[in-house]
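One file, protein_28.cif, is given below (mmCIF, N, CA, C and O atoms and all ligand atoms).
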data_start
loop_
_atom_site.label_atom_id
_atom_site.label_comp_id
_atom_site.auth_asym_id
_atom_site.auth_seq_id
_atom_site.Cartn_x
_atom_site.Cartn_y
_atom_site.Cartn_z
N MET A 1 128.86 102.96 38.97
CA MET A 1 127.57 103.61 38.72
C MET A 1 126.82 102.85 37.62
O MET A 1 127.39 102.58 36.57
N PRO A 2 125.56 102.53 37.88
CA PRO A 2 124.80 101.78 36.87
C PRO A 2 124.67 102.58 35.57
O PRO A 2 124.55 103.81 35.58
N LYS A 3 124.68 101.85 34.49
CA LYS A 3 124.51 102.46 33.17
C LYS A 3 123.10 102.15 32.65
O LYS A 3 122.60 101.04 32.83
N ILE A 4 122.53 103.14 31.98
CA ILE A 4 121.22 102.96 31.36
C ILE A 4 121.33 103.39 29.91
O ILE A 4 121.93 104.43 29.60
N THR A 5 120.76 102.58 29.03
CA THR A 5 120.77 102.92 27.61
C THR A 5 119.37 103.32 27.17
O THR A 5 118.40 102.60 27.42
N PHE A 6 119.30 104.48 26.55
CA PHE A 6 118.05 104.98 25.97
C PHE A 6 118.16 104.87 24.46
O PHE A 6 119.15 105.31 23.88
N ILE A 7 117.15 104.29 23.84
CA ILE A 7 117.14 104.18 22.38
C ILE A 7 115.93 104.94 21.86
O ILE A 7 114.80 104.73 22.34
N ASP A 8 116.16 105.84 20.91
CA ASP A 8 115.03 106.62 20.40
C ASP A 8 114.41 105.95 19.18
O ASP A 8 114.83 104.86 18.76
N THR A 9 113.41 106.58 18.60
CA THR A 9 112.66 105.94 17.51
C THR A 9 113.48 105.87 16.23
O THR A 9 113.12 105.14 15.31
N ALA A 10 114.59 106.60 16.16
CA ALA A 10 115.48 106.49 15.00
C ALA A 10 116.57 105.45 15.26
O ALA A 10 117.53 105.34 14.50
N ASP A 11 116.42 104.72 16.36
CA ASP A 11 117.38 103.69 16.77
C ASP A 11 118.71 104.26 17.23
O ASP A 11 119.72 103.56 17.24
N THR A 12 118.71 105.53 17.58
CA THR A 12 119.92 106.13 18.15
C THR A 12 119.99 105.75 19.62
O THR A 12 119.02 105.91 20.36
N SER A 13 121.15 105.25 20.00
CA SER A 13 121.32 104.73 21.35
C SER A 13 122.21 105.68 22.16
O SER A 13 123.24 106.13 21.67
N ARG A 14 121.78 105.98 23.37
CA ARG A 14 122.58 106.82 24.26
C ARG A 14 122.72 106.11 25.60
O ARG A 14 121.71 105.83 26.25
N THR A 15 123.94 105.87 26.01
CA THR A 15 124.17 105.20 27.29
C THR A 15 124.70 106.23 28.29
O THR A 15 125.65 106.95 27.99
N VAL A 16 124.05 106.29 29.45
CA VAL A 16 124.44 107.27 30.46
C VAL A 16 124.71 106.55 31.78
O VAL A 16 124.20 105.45 32.02
N GLU A 17 125.51 107.19 32.61
CA GLU A 17 125.75 106.66 33.95
C GLU A 17 124.82 107.36 34.91
O GLU A 17 124.54 108.55 34.75
N THR A 18 124.37 106.64 35.90
CA THR A 18 123.46 107.26 36.86
C THR A 18 123.76 106.77 38.26
O THR A 18 124.60 105.90 38.46
N GLU A 19 123.10 107.39 39.22
CA GLU A 19 123.37 107.05 40.62
C GLU A 19 122.29 106.13 41.17
O GLU A 19 121.11 106.31 40.85
N ILE A 20 122.71 105.24 42.03
CA ILE A 20 121.75 104.38 42.72
C ILE A 20 120.85 105.29 43.56
O ILE A 20 121.32 106.23 44.21
N GLY A 21 119.56 105.01 43.51
CA GLY A 21 118.61 105.81 44.27
C GLY A 21 117.97 106.91 43.45
O GLY A 21 116.96 107.47 43.86
N SER A 22 118.57 107.23 42.32
CA SER A 22 117.90 108.21 41.44
C SER A 22 116.89 107.43 40.60
O SER A 22 116.67 106.24 40.81
N THR A 23 116.28 108.11 39.65
CA THR A 23 115.31 107.41 38.81
C THR A 23 115.79 107.43 37.36
O THR A 23 116.67 108.21 36.99
N VAL A 24 115.18 106.57 36.56
CA VAL A 24 115.53 106.51 35.15
C VAL A 24 115.21 107.87 34.49
O VAL A 24 115.96 108.35 33.64
N MET A 25 114.14 108.49 34.90
CA MET A 25 113.79 109.82 34.38
C MET A 25 114.90 110.83 34.69
O MET A 25 115.32 111.60 33.83
N GLU A 26 115.38 110.83 35.93
CA GLU A 26 116.44 111.77 36.32
C GLU A 26 117.71 111.52 35.51
O GLU A 26 118.40 112.47 35.12
N ALA A 27 118.00 110.27 35.25
CA ALA A 27 119.18 109.95 34.44
C ALA A 27 119.04 110.54 33.04
O ALA A 27 120.00 111.08 32.48
N ALA A 28 117.85 110.48 32.48
CA ALA A 28 117.62 111.05 31.15
C ALA A 28 117.78 112.57 31.18
O ALA A 28 118.51 113.15 30.36
N LEU A 29 117.14 113.21 32.13
CA LEU A 29 117.19 114.67 32.18
C LEU A 29 118.60 115.19 32.44
O LEU A 29 119.06 116.13 31.78
N LYS A 30 119.28 114.60 33.40
CA LYS A 30 120.63 115.07 33.75
C LYS A 30 121.59 114.95 32.58
O LYS A 30 122.57 115.68 32.49
N ASN A 31 121.33 113.99 31.72
CA ASN A 31 122.25 113.74 30.61
C ASN A 31 121.73 114.25 29.27
O ASN A 31 122.30 113.93 28.22
N GLY A 32 120.67 115.02 29.32
CA GLY A 32 120.15 115.62 28.10
C GLY A 32 119.64 114.62 27.08
O GLY A 32 119.70 114.87 25.87
N VAL A 33 119.12 113.50 27.56
CA VAL A 33 118.57 112.50 26.64
C VAL A 33 117.23 113.02 26.10
O VAL A 33 116.34 113.33 26.89
N PRO A 34 117.10 113.13 24.78
CA PRO A 34 115.84 113.63 24.24
C PRO A 34 114.72 112.59 24.36
O PRO A 34 115.00 111.39 24.47
N GLY A 35 113.48 113.06 24.35
CA GLY A 35 112.35 112.13 24.34
C GLY A 35 111.72 111.89 25.69
O GLY A 35 110.69 111.26 25.80
N VAL A 36 112.34 112.40 26.75
CA VAL A 36 111.76 112.31 28.09
C VAL A 36 111.55 113.74 28.57
O VAL A 36 112.51 114.49 28.72
N GLU A 37 110.29 114.12 28.79
CA GLU A 37 110.02 115.52 29.13
C GLU A 37 109.86 115.74 30.63
O GLU A 37 110.33 116.72 31.17
N ALA A 38 109.14 114.85 31.28
CA ALA A 38 109.02 114.90 32.75
C ALA A 38 108.48 116.23 33.25
O ALA A 38 109.06 116.86 34.13
N GLU A 39 107.35 116.62 32.72
CA GLU A 39 106.77 117.93 33.08
C GLU A 39 106.44 118.09 34.55
O GLU A 39 106.49 119.19 35.08
N CYS A 40 106.08 117.00 35.22
CA CYS A 40 105.69 117.15 36.64
C CYS A 40 106.88 116.97 37.57
O CYS A 40 106.73 117.05 38.79
N GLY A 41 108.03 116.73 37.04
CA GLY A 41 109.23 116.63 37.88
C GLY A 41 109.36 115.33 38.65
O GLY A 41 110.13 115.25 39.60
N GLY A 42 108.58 114.34 38.28
CA GLY A 42 108.74 113.03 38.92
C GLY A 42 107.66 112.69 39.92
O GLY A 42 107.82 111.77 40.71
N ALA A 43 106.56 113.42 39.87
CA ALA A 43 105.49 113.20 40.85
C ALA A 43 104.44 112.20 40.40
O ALA A 43 103.40 112.06 41.04
N CYS A 44 104.69 111.51 39.31
CA CYS A 44 103.73 110.55 38.75
C CYS A 44 102.41 111.26 38.43
O CYS A 44 101.34 110.78 38.74
N ALA A 45 102.52 112.43 37.84
CA ALA A 45 101.32 113.23 37.60
C ALA A 45 101.27 113.82 36.20
O ALA A 45 100.52 114.77 35.96
N CYS A 46 102.05 113.27 35.25
CA CYS A 46 102.00 113.87 33.92
C CYS A 46 102.10 112.87 32.76
O CYS A 46 101.60 113.13 31.69
N ALA A 47 102.75 111.77 32.95
CA ALA A 47 102.93 110.75 31.89
C ALA A 47 103.80 111.22 30.73
O ALA A 47 103.76 110.64 29.65
N THR A 48 104.61 112.26 30.93
CA THR A 48 105.52 112.69 29.86
C THR A 48 106.94 112.16 30.07
O THR A 48 107.89 112.66 29.47
N CYS A 49 107.06 111.16 30.90
CA CYS A 49 108.35 110.49 31.08
C CYS A 49 108.23 109.03 30.65
O CYS A 49 109.00 108.18 31.06
N HIS A 50 107.23 108.78 29.82
CA HIS A 50 106.90 107.42 29.36
C HIS A 50 108.05 106.79 28.57
O HIS A 50 108.62 107.43 27.68
N VAL A 51 108.37 105.56 28.90
CA VAL A 51 109.37 104.80 28.14
C VAL A 51 108.87 103.36 27.99
O VAL A 51 107.97 102.92 28.70
N TYR A 52 109.49 102.64 27.05
CA TYR A 52 109.23 101.21 26.89
C TYR A 52 110.44 100.45 27.43
O TYR A 52 111.57 100.68 26.98
N VAL A 53 110.19 99.58 28.39
CA VAL A 53 111.28 98.79 28.96
C VAL A 53 111.57 97.61 28.04
O VAL A 53 110.66 96.89 27.62
N ASP A 54 112.84 97.44 27.71
CA ASP A 54 113.27 96.32 26.88
C ASP A 54 112.79 95.01 27.51
O ASP A 54 112.83 94.85 28.73
N GLU A 55 112.32 94.10 26.65
CA GLU A 55 111.70 92.86 27.16
C GLU A 55 112.53 92.16 28.23
O GLU A 55 112.01 91.72 29.24
N GLU A 56 113.83 92.06 28.00
CA GLU A 56 114.64 91.28 28.95
C GLU A 56 114.83 91.97 30.30
O GLU A 56 115.33 91.37 31.24
N TRP A 57 114.39 93.21 30.41
CA TRP A 57 114.50 93.95 31.67
C TRP A 57 113.18 94.09 32.40
O TRP A 57 113.12 94.67 33.49
N ARG A 58 112.13 93.60 31.82
CA ARG A 58 110.81 93.84 32.41
C ARG A 58 110.67 93.24 33.80
O ARG A 58 110.05 93.82 34.68
N GLU A 59 111.25 92.07 33.98
CA GLU A 59 111.12 91.44 35.28
C GLU A 59 111.84 92.25 36.36
O GLU A 59 111.34 92.46 37.46
N LYS A 60 113.03 92.72 36.01
CA LYS A 60 113.82 93.46 37.00
C LYS A 60 113.23 94.83 37.31
O LYS A 60 113.36 95.33 38.43
N THR A 61 112.62 95.46 36.34
CA THR A 61 112.04 96.77 36.62
C THR A 61 110.70 96.63 37.33
O THR A 61 110.25 97.58 37.97
N GLY A 62 110.07 95.47 37.22
CA GLY A 62 108.82 95.23 37.93
C GLY A 62 107.62 95.84 37.23
O GLY A 62 107.73 96.40 36.14
N ALA A 63 106.49 95.70 37.89
CA ALA A 63 105.23 96.19 37.32
C ALA A 63 104.92 97.58 37.86
O ALA A 63 105.34 97.94 38.95
N PRO A 64 104.18 98.35 37.08
CA PRO A 64 103.80 99.68 37.58
C PRO A 64 102.85 99.58 38.78
O PRO A 64 102.06 98.64 38.87
N SER A 65 102.93 100.54 39.66
CA SER A 65 101.99 100.60 40.79
C SER A 65 100.61 100.99 40.24
O SER A 65 100.51 101.49 39.11
N PRO A 66 99.55 100.79 41.02
CA PRO A 66 98.22 101.21 40.55
C PRO A 66 98.18 102.69 40.18
O PRO A 66 97.57 103.07 39.18
N MET A 67 98.86 103.52 40.94
CA MET A 67 98.87 104.97 40.64
C MET A 67 99.56 105.22 39.29
O MET A 67 99.10 106.01 38.47
N GLU A 68 100.68 104.52 39.07
CA GLU A 68 101.40 104.68 37.80
C GLU A 68 100.54 104.18 36.64
O GLU A 68 100.49 104.80 35.58
N GLU A 69 99.86 103.07 36.85
CA GLU A 69 98.99 102.55 35.78
C GLU A 69 97.90 103.55 35.42
O GLU A 69 97.60 103.75 34.25
N ASP A 70 97.33 104.18 36.43
CA ASP A 70 96.29 105.18 36.16
C ASP A 70 96.86 106.31 35.31
O ASP A 70 96.23 106.80 34.38
N MET A 71 98.07 106.74 35.66
CA MET A 71 98.67 107.86 34.92
C MET A 71 99.10 107.42 33.51
O MET A 71 99.02 108.21 32.57
N LEU A 72 99.51 106.17 33.38
CA LEU A 72 99.89 105.67 32.05
C LEU A 72 98.73 105.73 31.06
O LEU A 72 98.95 105.79 29.85
N ASP A 73 97.50 105.73 31.57
CA ASP A 73 96.35 105.85 30.68
C ASP A 73 96.42 107.13 29.85
O ASP A 73 95.81 107.23 28.80
N PHE A 74 97.15 108.10 30.34
CA PHE A 74 97.28 109.38 29.61
C PHE A 74 98.49 109.38 28.67
O PHE A 74 98.74 110.36 27.98
N GLY A 75 99.25 108.30 28.66
CA GLY A 75 100.43 108.23 27.81
C GLY A 75 100.06 108.02 26.35
O GLY A 75 98.93 107.61 26.03
N TYR A 76 101.01 108.28 25.48
CA TYR A 76 100.81 108.09 24.04
C TYR A 76 101.33 106.72 23.63
O TYR A 76 102.45 106.37 23.98
N ASP A 77 100.50 105.96 22.90
CA ASP A 77 100.90 104.64 22.39
C ASP A 77 101.45 103.75 23.51
O ASP A 77 102.57 103.25 23.46
N VAL A 78 100.61 103.56 24.50
CA VAL A 78 101.00 102.74 25.66
C VAL A 78 100.97 101.26 25.28
O VAL A 78 100.05 100.81 24.59
N ARG A 79 101.97 100.53 25.72
CA ARG A 79 102.12 99.10 25.40
C ARG A 79 102.32 98.32 26.70
O ARG A 79 102.54 98.92 27.76
N PRO A 80 102.31 96.98 26.60
CA PRO A 80 102.47 96.18 27.82
C PRO A 80 103.78 96.47 28.57
O PRO A 80 103.85 96.29 29.78
N ASN A 81 104.81 96.92 27.85
CA ASN A 81 106.10 97.19 28.52
C ASN A 81 106.29 98.68 28.82
O ASN A 81 107.40 99.12 29.07
N SER A 82 105.20 99.42 28.80
CA SER A 82 105.29 100.86 29.12
C SER A 82 105.49 101.07 30.61
O SER A 82 104.89 100.39 31.43
N ARG A 83 106.33 102.03 30.93
CA ARG A 83 106.50 102.48 32.32
C ARG A 83 106.71 103.98 32.31
O ARG A 83 107.11 104.57 31.31
N LEU A 84 106.44 104.58 33.46
CA LEU A 84 106.81 105.98 33.65
C LEU A 84 108.22 105.96 34.26
O LEU A 84 108.43 105.38 35.33
N SER A 85 109.15 106.58 33.55
CA SER A 85 110.55 106.43 33.97
C SER A 85 110.84 107.07 35.32
O SER A 85 111.82 106.72 35.97
N CYS A 86 109.97 107.99 35.76
CA CYS A 86 110.20 108.59 37.09
C CYS A 86 109.84 107.62 38.20
O CYS A 86 110.16 107.86 39.36
N GLN A 87 109.20 106.52 37.83
CA GLN A 87 108.79 105.55 38.84
C GLN A 87 109.71 104.32 38.85
O GLN A 87 109.45 103.35 39.55
N ILE A 88 110.78 104.37 38.06
CA ILE A 88 111.75 103.27 38.08
C ILE A 88 112.98 103.74 38.83
O ILE A 88 113.74 104.59 38.35
N LYS A 89 113.15 103.22 40.03
CA LYS A 89 114.31 103.58 40.86
C LYS A 89 115.53 102.79 40.39
O LYS A 89 115.45 101.59 40.14
N VAL A 90 116.64 103.47 40.32
CA VAL A 90 117.88 102.83 39.88
C VAL A 90 118.50 102.05 41.04
O VAL A 90 118.68 102.59 42.13
N THR A 91 118.79 100.80 40.78
CA THR A 91 119.50 99.95 41.73
C THR A 91 120.66 99.29 40.98
O THR A 91 120.74 99.37 39.76
N ASN A 92 121.51 98.62 41.72
CA ASN A 92 122.62 97.89 41.07
C ASN A 92 122.09 96.86 40.09
O ASN A 92 122.71 96.59 39.06
N ASP A 93 120.94 96.29 40.42
CA ASP A 93 120.35 95.27 39.54
C ASP A 93 119.96 95.81 38.18
O ASP A 93 119.76 95.05 37.24
N LEU A 94 119.82 97.11 38.10
CA LEU A 94 119.40 97.70 36.82
C LEU A 94 120.58 98.18 35.99
O LEU A 94 120.40 98.86 34.97
N ASP A 95 121.79 97.83 36.40
CA ASP A 95 122.96 98.20 35.61
C ASP A 95 122.87 97.54 34.24
O ASP A 95 122.79 96.31 34.15
N GLY A 96 122.84 98.36 33.19
CA GLY A 96 122.71 97.82 31.84
C GLY A 96 121.30 97.93 31.27
O GLY A 96 121.05 97.54 30.13
N LEU A 97 120.39 98.48 32.07
CA LEU A 97 118.99 98.62 31.65
C LEU A 97 118.88 99.30 30.28
O LEU A 97 119.60 100.25 29.99
N VAL A 98 117.97 98.78 29.47
CA VAL A 98 117.70 99.37 28.16
C VAL A 98 116.24 99.77 28.09
O VAL A 98 115.35 98.95 28.37
N VAL A 99 115.99 101.03 27.76
CA VAL A 99 114.61 101.50 27.56
C VAL A 99 114.54 102.24 26.23
O VAL A 99 115.55 102.77 25.75
N ARG A 100 113.36 102.27 25.65
CA ARG A 100 113.15 103.01 24.41
C ARG A 100 112.19 104.16 24.68
O ARG A 100 111.25 104.01 25.47
N THR A 101 112.45 105.26 24.01
CA THR A 101 111.55 106.40 24.15
C THR A 101 110.48 106.36 23.05
O THR A 101 110.76 105.88 21.95
N PRO A 102 109.28 106.83 23.35
CA PRO A 102 108.21 106.78 22.35
C PRO A 102 108.36 107.87 21.29
O PRO A 102 109.18 108.78 21.42
N VAL A 103 107.56 107.76 20.23
CA VAL A 103 107.58 108.74 19.14
C VAL A 103 107.35 110.15 19.69
O VAL A 103 107.98 111.12 19.30
N ARG A 104 106.41 110.23 20.63
CA ARG A 104 106.19 111.50 21.31
C ARG A 104 105.61 111.23 22.69
O ARG A 104 105.12 110.13 22.95
N GLN A 105 105.66 112.23 23.52
CA GLN A 105 105.07 112.09 24.85
C GLN A 105 103.61 112.56 24.79
O GLN A 105 103.17 113.11 23.79
N ALA A 106 102.88 112.32 25.84
CA ALA A 106 101.45 112.65 25.87
C ALA A 106 101.23 114.15 25.66
O ALA A 106 102.05 114.94 26.05
S1 LIG B 201 107.75 112.94 35.39
FE1 LIG B 201 105.63 113.22 35.44
S2 LIG B 201 104.88 111.21 35.58
FE2 LIG B 201 107.02 110.94 35.48
#

Do you think you could lay out the structure here as structure tokens?
Ligand code: FES
Amino acid sequence: MPKITFIDTADTSRTVETEIGSTVMEAALKNGVPGVEAECGGACACATCHVYVDEEWREKTGAPSPMEEDMLDFGYDVRPNSRLSCQIKVTNDLDGLVVRTPVRQA
């Protein structure tokens, strides 16, 4: 099972196991990772699942879709490596993925 590491703004790191086909947001919620709220349940309609993808993983996670980019406009402190974690599907290639959670969600 792929592992994903979430790092919060205090530099606390939490590594969780997740299933292929789920999303990074679901991995956070199922494992009680703080900092990901996911108010819309993964419908790309709230921007409260915002995370920063670690630089070395940006290529593998890919770019946000136009719909995701529109919703990211509502995120807090959006940066070039911002993604909505509900839009990142977990694959074997993402085993070891590192993302950071923002100071707060939108
Ligand atoms: S959970 Fe709402 S946009 Fe990701």

Worksheet entry | Secondary structure check, alpha helix (DSSP H) residues of region 2-98 of chain A, as JSON, numbers by chain | {"A": [24, 25, 26, 27, 28, 29, 30, 58, 59, 60, 61, 66, 67, 68, 69, 70, 71, 72]}

Fill in: Residues within 4.5 Å of region 89-104 of chain A, all atoms listed in the file, excluding chain neighbours under 4 positions, as a ChimeraX atom specification
/A:2-7,9,20-23,50-54

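You will find CA of Trp57 (chain A) at 24.1 Å from CA of Ala45 (chain A).
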
Item to complete: Would you mind telling me which residue in A:Thr48, A:Asn81, A:Thr18, A:Ser65 lies nearest to ligand LIG 201 (chain B) when using only N, CA, C and O atoms and all ligand atoms?
Response: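 Closest to ligand LIG 201 (chain B), using only N, CA, C and O atoms and all ligand atoms: A:Thr48.
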
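Selecting all polymer residues at most 6 Å from ligand LIG 201 (chain B), using only N, CA, C and O atoms and all ligand atoms, gives A:Glu37, A:Ala38, A:Glu39, A:Cys40, A:Gly41, A:Gly42, A:Ala43, A:Cys44, A:Ala45, A:Cys46, A:Ala47, A:Thr48, A:Cys49, A:Leu84, A:Ser85, A:Cys86, A:Gln87.
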
Fill in: For Val36 (chain A), the nearest of the candidates A:Gln105, A:Asp70, A:Glu17, A:Ala10, counting only C-alpha atoms
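Looking at the shortest contact to Val36 (chain A), the residue is A:Gln105.
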
Item to complete: Between CA of Ile88 (chain A) and CA of Pro64 (chain A), measure the distance and give it in Å to one decimal.
Response: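 The value is 8.7 Å.
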
Worksheet item: Separation of atom O of Glu26 (chain A) and atom C of Arg83 (chain A), in Å?
Response: 14.7 Å

Worksheet entry | Pick from A:Ala63, A:Val16, A:Met1, A:Ala27 nearest to Ser82 (chain A), counting only C-alpha atoms |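 Closest to Ser82 (chain A) of all the choices is A:Ala63.
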
Practice prompt. As JSON, numbers by chain, please: all residues of region 20-86 of chain A that backbone DSSP puts in strand (DSSP E or B).
Written response: {"A": [23, 50, 51, 52, 53, 82, 83, 84]}
